[in-house]
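Please read the structure below before turning to the comments.
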Amino acid sequence: MPKGNPNLVKGGPSLNPSGRPAGVPNKTTNKIREAFQNLIEANLENMTLWLTQVAADDPKGALDLLNKMAEYTTPKLARVENSHEAADELTQIKVEIVRTSSQDK
């Protein structure tokens with residue numbers, strides 16, 4: 001059985017042309033983000049204290065908490081995959097390492 005709305009055709013006209021444009025978060029999402037940001041800003045000193053207390057007993061747990069909090073403030077980086085298909089078989093790869101003038105000092 002096909003998934004999704006059978007009336008919706010990719011690339012076709014929108015079923016709600018006056019609706020929210022693609023990529024624009026809804027109002028509730030914006031309000032939640034703003035409330036979370038205000039909570040973080042109001043508790044910066046407390047968060048440092050809490051992380052220090054957690055780290056005293058469980059350093060890994062403190063790093064896990066810090067990593068989870070970073071998801072809300074730091075944009076995620078997209079993965080980049082480089083691939084290359086060679087028509088002929090590679091027989092040699094040469095890597096040259098050159099020192100710059102700042103490294104010579």
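Convention: chains lettered A, B, ... in structure tokens order; per-chain residue numbering from 1; ligands numbered from 1 as shown.
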Helix (DSSP H, G or I) per DSSP on the backbone: members of region 13-59 of chain A, as JSON, numbers by chain: {"A": [27, 28, 29, 30, 31, 32, 33, 34, 35, 36, 37, 38, 39, 40, 41, 42, 44, 45, 46, 47, 48, 49, 50, 51, 52, 53, 54, 55, 56, 57, 59]}
Mind checking which residues fall within 12 Å of Thr48 (chain A), counting only C-alpha atoms, ignoring those fewer than 6 positions away in the same chain, and posting them as a PyMOL selection string? chain A and resi 40-41+54-55+62+65-66
Neighbours of Arg33 (chain A) within 9 Å (only C-alpha atoms; same-chain residues fewer than 5 positions away dropped), as a ChimeraX atom specification? /A:28,38,72
Please dump the current selection as a compact mmCIF listing (two decimals), in the first residue's frame; keep C-alpha atoms.
```txt
# COMPACT_ATOMS: atom_id res chain seq x y z
CA THR A 28 4.96 26.91 18.69
CA ASN A 38 15.70 32.22 28.21
CA TYR A 72 20.51 23.00 21.28
```
For the atom pair CA of Leu77 (chain A) and CA of Leu63 (chain A), what is the interatomic distance in Å to one decimal place?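 Pair CA of Leu77 (chain A) / CA of Leu63 (chain A) returns 19.3 Å.
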Distance in Å - CA of Met69 (chain A) versus CA of Met47 (chain A):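 Taking CA of Met69 (chain A) as the start and CA of Met47 (chain A) as the end point, the length is 10.3 Å.
The space between CA of Val24 (chain A) and CA of Ala78 (chain A) spans 19.7 Å.
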